[in-house]
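Engineer: Here's a structure for you.
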Amino acid sequence: MIKTIFFTVLTLAFFYIVWINNIFAPHEKYEMPPEHRMIAMDYKNAKEGRELFIQNCASCHSVRYDAIYPAQVQANPMLKQLQEKYGKVLPRDVYEAVFMNDLNSMKESYGKIPPDLSTIYLVKGPEYLYNFILEPQKVLPGTAMPPVMTGRPEDTAKIIAYLMSVSEPSPAEKAKRNIMGVVTIGYLIVMGILIWIWRERILKRMGLH
Ligand code: HEC
């Protein structure tokens with residue numbers, strides 16, 4: 001009995017944390033107007049967001065998962081050669097080794113290499129990105145990141161939609177994974193019931209019931 005209660009509570013706690021309220025995830029304290037949040041969470045805006053990213057951000061930032069490289073790296077003839085060998089998305093170690101000089105010269109200009117933004121959405125979430133991109137100085141005082149999107153909250157939200165599309169699976173893929181999850185758990189439940197019935201039968205046959 002105690003065992004049953006213990007494992008039930010443990011299982012419920014596990015799914016509560018995984019699905020409902022992840023107490024280990026960082027809690028957001030940044031605000032984002034709902035209308036801009038809607039734009040940022042809509043995959044349909046990712047394409048336009050990509051164009052906006054290339055215009056406004058790709059001079060400094062890379063999105064390696066999407067084969068977007070900073071202007072300095074694009075100007076380097078090695079890029080084309082390496083892409084012929086490795087494909088459009090270069091392995092990180094190759095990228096960092098070959099373009100070290102270009103990355104370091106950006107460090108000289110900005111005091112820091114502008115980070116690759118392939119997974120920034122997963123790390124920071126939409127609220128932080130929205131506030132940081134619109135007003136970098138307010139969120140990170142003294143940062144070398146310039147305020148390039150001042151007064152353009154909708155475009156900023158579209159850029160976030162793009163960054164989301166790079167680091168998160170597409171809605172179709174997510175739906176597929178959800179179905180897989182439900183099927184797996186359903187299978188476990190059905191098997192559990194069958195094993196339980198089987199056990200009862202064996203106990204009865206043994207005269208223990
Ligand atoms: C002139 C170069 C430059 C441009 C253009 C630029 N950034 Fe940055 N960005 C930087 C630098 C440098 C940093 C590192 C700042 C730091 O850590 O202080 C940075 C940091 C960031 C970060 C990380 C913030 C963090 O908390 O770690 C994000 C996100 C970001 N930029 C997004 C963007 C987006 C989106 C655009 C286009 C709208 C953009 N940046 C345009 C130079 C630039």
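The chains in the structure tokens are called A, B, ... from first to last as shown; in each chain the residues are counted from 1, and the ligands are counted from 1 in the order shown.
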Could you build a table of the residues in chain A lying no more than 8 Å from ligand 1, giving for each the nearest pair of atoms and their separation in Å rounded to one decimal place, using only C-alpha atoms and all ligand atoms, ordered by chain and ascending residue number, as a Markdown table?

Structural biologist:
```
| residue | atom | partner | partner_atom_place_in_ligand_line | distance |
| --- | --- | --- | --- | --- |
| A:Leu52 | CA | ligand 1 | 38 (C) | 7.5 |
| A:Phe53 | CA | ligand 1 | 37 (C) | 5.7 |
| A:Gln55 | CA | ligand 1 | 37 (C) | 7.9 |
| A:Asn56 | CA | ligand 1 | 37 (C) | 4.6 |
| A:Cys57 | CA | ligand 1 | 37 (C) | 3.4 |
| A:Ala58 | CA | ligand 1 | 5 (C) | 6.7 |
| A:Ser59 | CA | ligand 1 | 5 (C) | 5.6 |
| A:Cys60 | CA | ligand 1 | 2 (C) | 4.4 |
| A:His61 | CA | ligand 1 | 7 (N) | 6.1 |
| A:Met106 | CA | ligand 1 | 12 (C) | 8.0 |
| A:Lys107 | CA | ligand 1 | 12 (C) | 7.6 |
| A:Tyr110 | CA | ligand 1 | 12 (C) | 5.0 |
| A:Gly111 | CA | ligand 1 | 12 (C) | 6.7 |
| A:Lys112 | CA | ligand 1 | 12 (C) | 5.3 |
| A:Ile113 | CA | ligand 1 | 12 (C) | 5.8 |
| A:Pro114 | CA | ligand 1 | 11 (C) | 3.9 |
| A:Pro115 | CA | ligand 1 | 20 (C) | 5.9 |
| A:Leu117 | CA | ligand 1 | 29 (C) | 6.5 |
| A:Ile120 | CA | ligand 1 | 29 (C) | 6.2 |
| A:Tyr121 | CA | ligand 1 | 29 (C) | 7.9 |
| A:Lys124 | CA | ligand 1 | 26 (O) | 7.4 |
| A:Tyr128 | CA | ligand 1 | 26 (O) | 7.9 |
| A:Leu129 | CA | ligand 1 | 29 (C) | 5.6 |
| A:Phe132 | CA | ligand 1 | 24 (C) | 6.7 |
| A:Ile133 | CA | ligand 1 | 35 (C) | 5.6 |
| A:Pro136 | CA | ligand 1 | 24 (C) | 7.9 |
| A:Leu140 | CA | ligand 1 | 18 (O) | 6.8 |
| A:Gly142 | CA | ligand 1 | 18 (O) | 7.0 |
| A:Thr143 | CA | ligand 1 | 18 (O) | 3.7 |
| A:Ala144 | CA | ligand 1 | 12 (C) | 4.6 |
| A:Met145 | CA | ligand 1 | 10 (C) | 3.8 |
| A:Pro146 | CA | ligand 1 | 1 (C) | 5.8 |
| A:Pro147 | CA | ligand 1 | 41 (C) | 7.6 |
| A:Val148 | CA | ligand 1 | 38 (C) | 5.7 |
| A:Met149 | CA | ligand 1 | 38 (C) | 5.7 |
| A:Thr156 | CA | ligand 1 | 38 (C) | 6.7 |
| A:Ile159 | CA | ligand 1 | 35 (C) | 6.3 |
| A:Ile160 | CA | ligand 1 | 35 (C) | 7.3 |
```

Engineer: Next, the residues of the selection above should be written as a short mmCIF file (atom, residue, chain, number, x, y, z; two decimals), in the first residue's frame with N, CA, C and O atoms.

Structural biologist:
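Printed below is again.cif as written:
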```cif
data_model
loop_
_atom_site.label_atom_id
_atom_site.label_comp_id
_atom_site.auth_asym_id
_atom_site.auth_seq_id
_atom_site.Cartn_x
_atom_site.Cartn_y
_atom_site.Cartn_z
N LEU A 52 14.54 39.79 -41.93
CA LEU A 52 14.84 40.89 -41.02
C LEU A 52 16.15 40.63 -40.27
O LEU A 52 16.94 41.54 -40.02
N PHE A 53 16.34 39.37 -39.92
CA PHE A 53 17.58 39.02 -39.21
C PHE A 53 18.78 39.28 -40.11
O PHE A 53 19.77 39.88 -39.68
N GLN A 55 19.04 41.34 -42.56
CA GLN A 55 19.25 42.78 -42.74
C GLN A 55 19.85 43.45 -41.50
O GLN A 55 20.69 44.34 -41.60
N ASN A 56 19.37 43.07 -40.32
CA ASN A 56 19.68 43.84 -39.12
C ASN A 56 20.72 43.22 -38.19
O ASN A 56 21.34 43.93 -37.39
N CYS A 57 20.88 41.93 -38.25
CA CYS A 57 21.68 41.26 -37.23
C CYS A 57 22.88 40.50 -37.79
O CYS A 57 23.87 40.30 -37.09
N ALA A 58 22.78 40.04 -39.06
CA ALA A 58 23.79 39.11 -39.57
C ALA A 58 25.12 39.79 -39.86
O ALA A 58 26.09 39.11 -40.18
N SER A 59 25.17 41.13 -39.75
CA SER A 59 26.49 41.75 -39.89
C SER A 59 27.37 41.33 -38.72
O SER A 59 28.59 41.25 -38.85
N CYS A 60 26.77 41.05 -37.57
CA CYS A 60 27.55 40.68 -36.38
C CYS A 60 27.34 39.22 -35.96
O CYS A 60 28.28 38.55 -35.54
N HIS A 61 26.10 38.74 -36.03
CA HIS A 61 25.79 37.43 -35.45
C HIS A 61 25.73 36.32 -36.48
O HIS A 61 25.27 36.53 -37.59
N MET A 106 36.23 40.76 -34.68
CA MET A 106 34.95 41.27 -34.18
C MET A 106 35.06 41.52 -32.68
O MET A 106 34.47 42.46 -32.14
N LYS A 107 35.83 40.68 -32.02
CA LYS A 107 36.02 40.87 -30.59
C LYS A 107 36.73 42.20 -30.34
O LYS A 107 36.43 42.91 -29.38
N TYR A 110 34.02 44.93 -30.80
CA TYR A 110 32.88 45.01 -29.88
C TYR A 110 33.23 44.62 -28.44
O TYR A 110 32.38 44.63 -27.57
N GLY A 111 34.48 44.21 -28.22
CA GLY A 111 34.87 43.81 -26.87
C GLY A 111 34.50 42.38 -26.56
O GLY A 111 34.91 41.82 -25.55
N LYS A 112 33.74 41.76 -27.48
CA LYS A 112 33.25 40.41 -27.24
C LYS A 112 32.80 39.87 -28.59
O LYS A 112 32.30 40.62 -29.41
N ILE A 113 33.00 38.59 -28.83
CA ILE A 113 32.49 38.03 -30.08
C ILE A 113 30.96 37.97 -29.97
O ILE A 113 30.44 37.37 -29.04
N PRO A 114 30.23 38.61 -30.90
CA PRO A 114 28.77 38.50 -30.83
C PRO A 114 28.38 37.01 -30.87
O PRO A 114 28.82 36.29 -31.76
N PRO A 115 27.59 36.54 -29.91
CA PRO A 115 27.37 35.09 -29.81
C PRO A 115 26.57 34.53 -30.99
O PRO A 115 25.79 35.24 -31.62
N LEU A 117 23.53 32.65 -32.49
CA LEU A 117 22.18 32.71 -31.93
C LEU A 117 21.32 31.48 -32.27
O LEU A 117 20.10 31.52 -32.13
N ILE A 120 19.74 30.45 -28.90
CA ILE A 120 19.48 31.49 -27.90
C ILE A 120 18.02 31.48 -27.45
O ILE A 120 17.71 31.77 -26.29
N TYR A 121 17.11 31.12 -28.36
CA TYR A 121 15.69 31.11 -27.99
C TYR A 121 15.43 30.11 -26.86
O TYR A 121 14.69 30.40 -25.92
N LYS A 124 17.12 31.61 -23.54
CA LYS A 124 16.64 32.86 -22.92
C LYS A 124 15.12 33.04 -22.98
O LYS A 124 14.58 33.81 -22.21
N TYR A 128 12.70 37.60 -22.67
CA TYR A 128 14.02 38.19 -22.52
C TYR A 128 14.50 38.75 -23.85
O TYR A 128 14.96 39.89 -23.93
N LEU A 129 14.37 37.95 -24.92
CA LEU A 129 14.87 38.38 -26.22
C LEU A 129 14.19 39.67 -26.67
O LEU A 129 14.84 40.60 -27.16
N PHE A 132 15.58 42.50 -24.63
CA PHE A 132 17.00 42.74 -24.89
C PHE A 132 17.21 43.35 -26.27
O PHE A 132 17.93 44.34 -26.42
N ILE A 133 16.56 42.79 -27.29
CA ILE A 133 16.80 43.26 -28.66
C ILE A 133 16.30 44.71 -28.81
O ILE A 133 16.95 45.53 -29.45
N PRO A 136 18.89 46.91 -25.57
CA PRO A 136 19.99 46.13 -24.98
C PRO A 136 20.56 46.78 -23.71
O PRO A 136 20.82 46.08 -22.74
N LEU A 140 21.04 44.73 -20.32
CA LEU A 140 22.45 44.42 -20.00
C LEU A 140 23.25 45.71 -20.04
O LEU A 140 23.90 46.01 -21.03
N GLY A 142 25.83 48.47 -20.29
CA GLY A 142 27.23 48.43 -20.71
C GLY A 142 27.50 47.44 -21.83
O GLY A 142 28.65 47.28 -22.25
N THR A 143 26.48 46.77 -22.36
CA THR A 143 26.70 45.77 -23.41
C THR A 143 27.14 46.44 -24.72
O THR A 143 26.78 47.60 -24.99
N ALA A 144 27.91 45.68 -25.51
CA ALA A 144 28.39 46.20 -26.79
C ALA A 144 27.35 46.02 -27.89
O ALA A 144 27.55 46.46 -29.01
N MET A 145 26.28 45.38 -27.57
CA MET A 145 25.24 45.15 -28.58
C MET A 145 24.48 46.46 -28.82
O MET A 145 23.93 47.04 -27.90
N PRO A 146 24.46 46.95 -30.08
CA PRO A 146 23.80 48.24 -30.34
C PRO A 146 22.28 48.08 -30.43
O PRO A 146 21.79 47.01 -30.76
N PRO A 147 21.53 49.16 -30.12
CA PRO A 147 20.06 49.09 -30.23
C PRO A 147 19.65 49.26 -31.69
O PRO A 147 19.36 50.36 -32.13
N VAL A 148 19.62 48.16 -32.45
CA VAL A 148 19.33 48.28 -33.88
C VAL A 148 17.84 48.22 -34.20
O VAL A 148 17.44 48.50 -35.31
N MET A 149 17.02 47.85 -33.23
CA MET A 149 15.59 47.67 -33.52
C MET A 149 14.71 48.68 -32.79
O MET A 149 13.50 48.47 -32.65
N THR A 156 10.83 43.07 -34.36
CA THR A 156 11.59 42.33 -33.34
C THR A 156 10.90 41.01 -33.03
O THR A 156 11.54 39.96 -32.95
N ILE A 159 11.60 38.55 -35.70
CA ILE A 159 12.96 37.98 -35.57
C ILE A 159 12.95 36.88 -34.50
O ILE A 159 13.58 35.83 -34.66
N ILE A 160 12.20 37.10 -33.44
CA ILE A 160 12.11 36.07 -32.39
C ILE A 160 11.44 34.81 -32.95
O ILE A 160 11.85 33.69 -32.66
#
```

Engineer: Could you please write out, as a VMD selection string, every residue of region 1-208 of chain A that DSSP assigns to helix (DSSP H, G or I)?

Structural biologist: chain A and resid 2 to 20 34 to 40 43 to 56 64 to 66 71 to 74 78 to 86 92 to 98 100 to 110 120 to 134 136 to 139 153 to 167 171 to 205

Engineer: In Å, with one decimal, what is the gap from CA of Tyr86 (chain A) to CA of Phe99 (chain A)?

Structural biologist: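 According to the coordinates, CA of Tyr86 (chain A) and CA of Phe99 (chain A) are separated by 14.9 Å.
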
Engineer: So that I can see what lies close to Pro126 (chain A), please list as a PyMOL selection string the residues with an atom at most 9 Å from it, counting only C-alpha atoms and leaving out residues fewer than 5 positions away in the same chain.

Structural biologist: chain A and resi 32+37+40-41+121+131+157+160-161+164

Engineer: Just all heavy atoms for this one: save the residues we selected as a CSV table (one decimal), in the first residue's frame.

Structural biologist:
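After the write, out.csv holds the following:
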```csv
chain,number,residue,atom,x,y,z
A,32,MET,N,6.2,41.2,-22.0
A,32,MET,CA,6.0,41.3,-23.5
A,32,MET,C,4.6,41.5,-23.8
A,32,MET,O,3.7,40.7,-23.3
A,32,MET,CB,6.5,40.0,-24.0
A,32,MET,CG,6.6,39.9,-25.5
A,32,MET,SD,7.4,38.4,-26.0
A,32,MET,CE,7.5,38.6,-27.8
A,37,ARG,N,3.7,39.1,-28.5
A,37,ARG,CA,3.9,37.7,-28.2
A,37,ARG,C,3.3,36.7,-29.2
A,37,ARG,O,3.9,35.8,-29.6
A,37,ARG,CB,3.3,37.4,-26.8
A,37,ARG,CG,3.8,36.2,-26.2
A,37,ARG,CD,3.0,35.8,-25.0
A,37,ARG,NE,3.4,34.5,-24.6
A,37,ARG,CZ,4.4,34.1,-24.0
A,37,ARG,NH1,5.3,35.1,-23.5
A,37,ARG,NH2,4.7,32.9,-23.7
A,40,ALA,N,5.5,36.6,-32.2
A,40,ALA,CA,6.7,35.9,-31.9
A,40,ALA,C,6.5,34.4,-31.9
A,40,ALA,O,7.4,33.6,-32.2
A,40,ALA,CB,7.4,36.4,-30.6
A,41,MET,N,5.3,34.0,-31.4
A,41,MET,CA,5.0,32.5,-31.3
A,41,MET,C,4.5,31.9,-32.6
A,41,MET,O,4.2,30.7,-32.6
A,41,MET,CB,4.0,32.3,-30.1
A,41,MET,CG,4.4,32.8,-28.8
A,41,MET,SD,6.1,32.6,-28.4
A,41,MET,CE,6.0,31.0,-27.6
A,121,TYR,N,17.1,31.1,-28.4
A,121,TYR,CA,15.7,31.1,-28.0
A,121,TYR,C,15.4,30.1,-26.9
A,121,TYR,O,14.7,30.4,-25.9
A,121,TYR,CB,14.8,30.8,-29.2
A,121,TYR,CG,13.4,30.7,-28.9
A,121,TYR,CD1,12.6,31.8,-28.9
A,121,TYR,CD2,12.8,29.5,-28.5
A,121,TYR,CE1,11.2,31.8,-28.6
A,121,TYR,CE2,11.4,29.4,-28.1
A,121,TYR,CZ,10.7,30.6,-28.2
A,121,TYR,OH,9.4,30.6,-27.8
A,131,ASN,N,12.8,42.1,-24.9
A,131,ASN,CA,13.3,43.2,-24.2
A,131,ASN,C,14.8,43.6,-24.5
A,131,ASN,O,15.2,44.7,-24.7
A,131,ASN,CB,13.2,43.0,-22.7
A,131,ASN,CG,11.7,43.2,-22.2
A,131,ASN,OD1,11.3,44.3,-22.0
A,131,ASN,ND2,11.0,42.1,-22.2
A,157,ALA,N,9.6,41.1,-32.9
A,157,ALA,CA,8.8,39.8,-32.6
A,157,ALA,C,9.0,38.8,-33.8
A,157,ALA,O,9.1,37.6,-33.5
A,157,ALA,CB,7.3,40.2,-32.4
A,160,ILE,N,12.2,37.1,-33.4
A,160,ILE,CA,12.1,36.1,-32.4
A,160,ILE,C,11.4,34.8,-32.9
A,160,ILE,O,11.9,33.7,-32.7
A,160,ILE,CB,11.4,36.6,-31.2
A,160,ILE,CG1,12.2,37.8,-30.5
A,160,ILE,CG2,11.1,35.5,-30.1
A,160,ILE,CD1,11.5,38.5,-29.4
A,161,ALA,N,10.4,35.0,-33.8
A,161,ALA,CA,9.7,33.9,-34.4
A,161,ALA,C,10.8,33.1,-35.2
A,161,ALA,O,10.8,31.8,-35.2
A,161,ALA,CB,8.6,34.3,-35.3
A,164,MET,N,13.1,31.2,-32.9
A,164,MET,CA,12.4,30.0,-32.4
A,164,MET,C,12.4,28.9,-33.4
A,164,MET,O,12.6,27.8,-33.1
A,164,MET,CB,10.9,30.4,-32.0
A,164,MET,CG,10.0,29.3,-31.7
A,164,MET,SD,8.3,29.8,-31.3
A,164,MET,CE,7.7,30.1,-32.9
```

Engineer: Quote the spacing between CA of Ser118 (chain A) and CA of Lys44 (chain A) in Å to one decimal place.

Structural biologist: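 Interatomic distance here is 18.4 Å.
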
Engineer: Rounded to one decimal, what separation in Å do you get between CA of Lys47 (chain A) and CA of Ser170 (chain A)?

Structural biologist: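 Rounded to one decimal, the two atoms are 12.9 Å apart.
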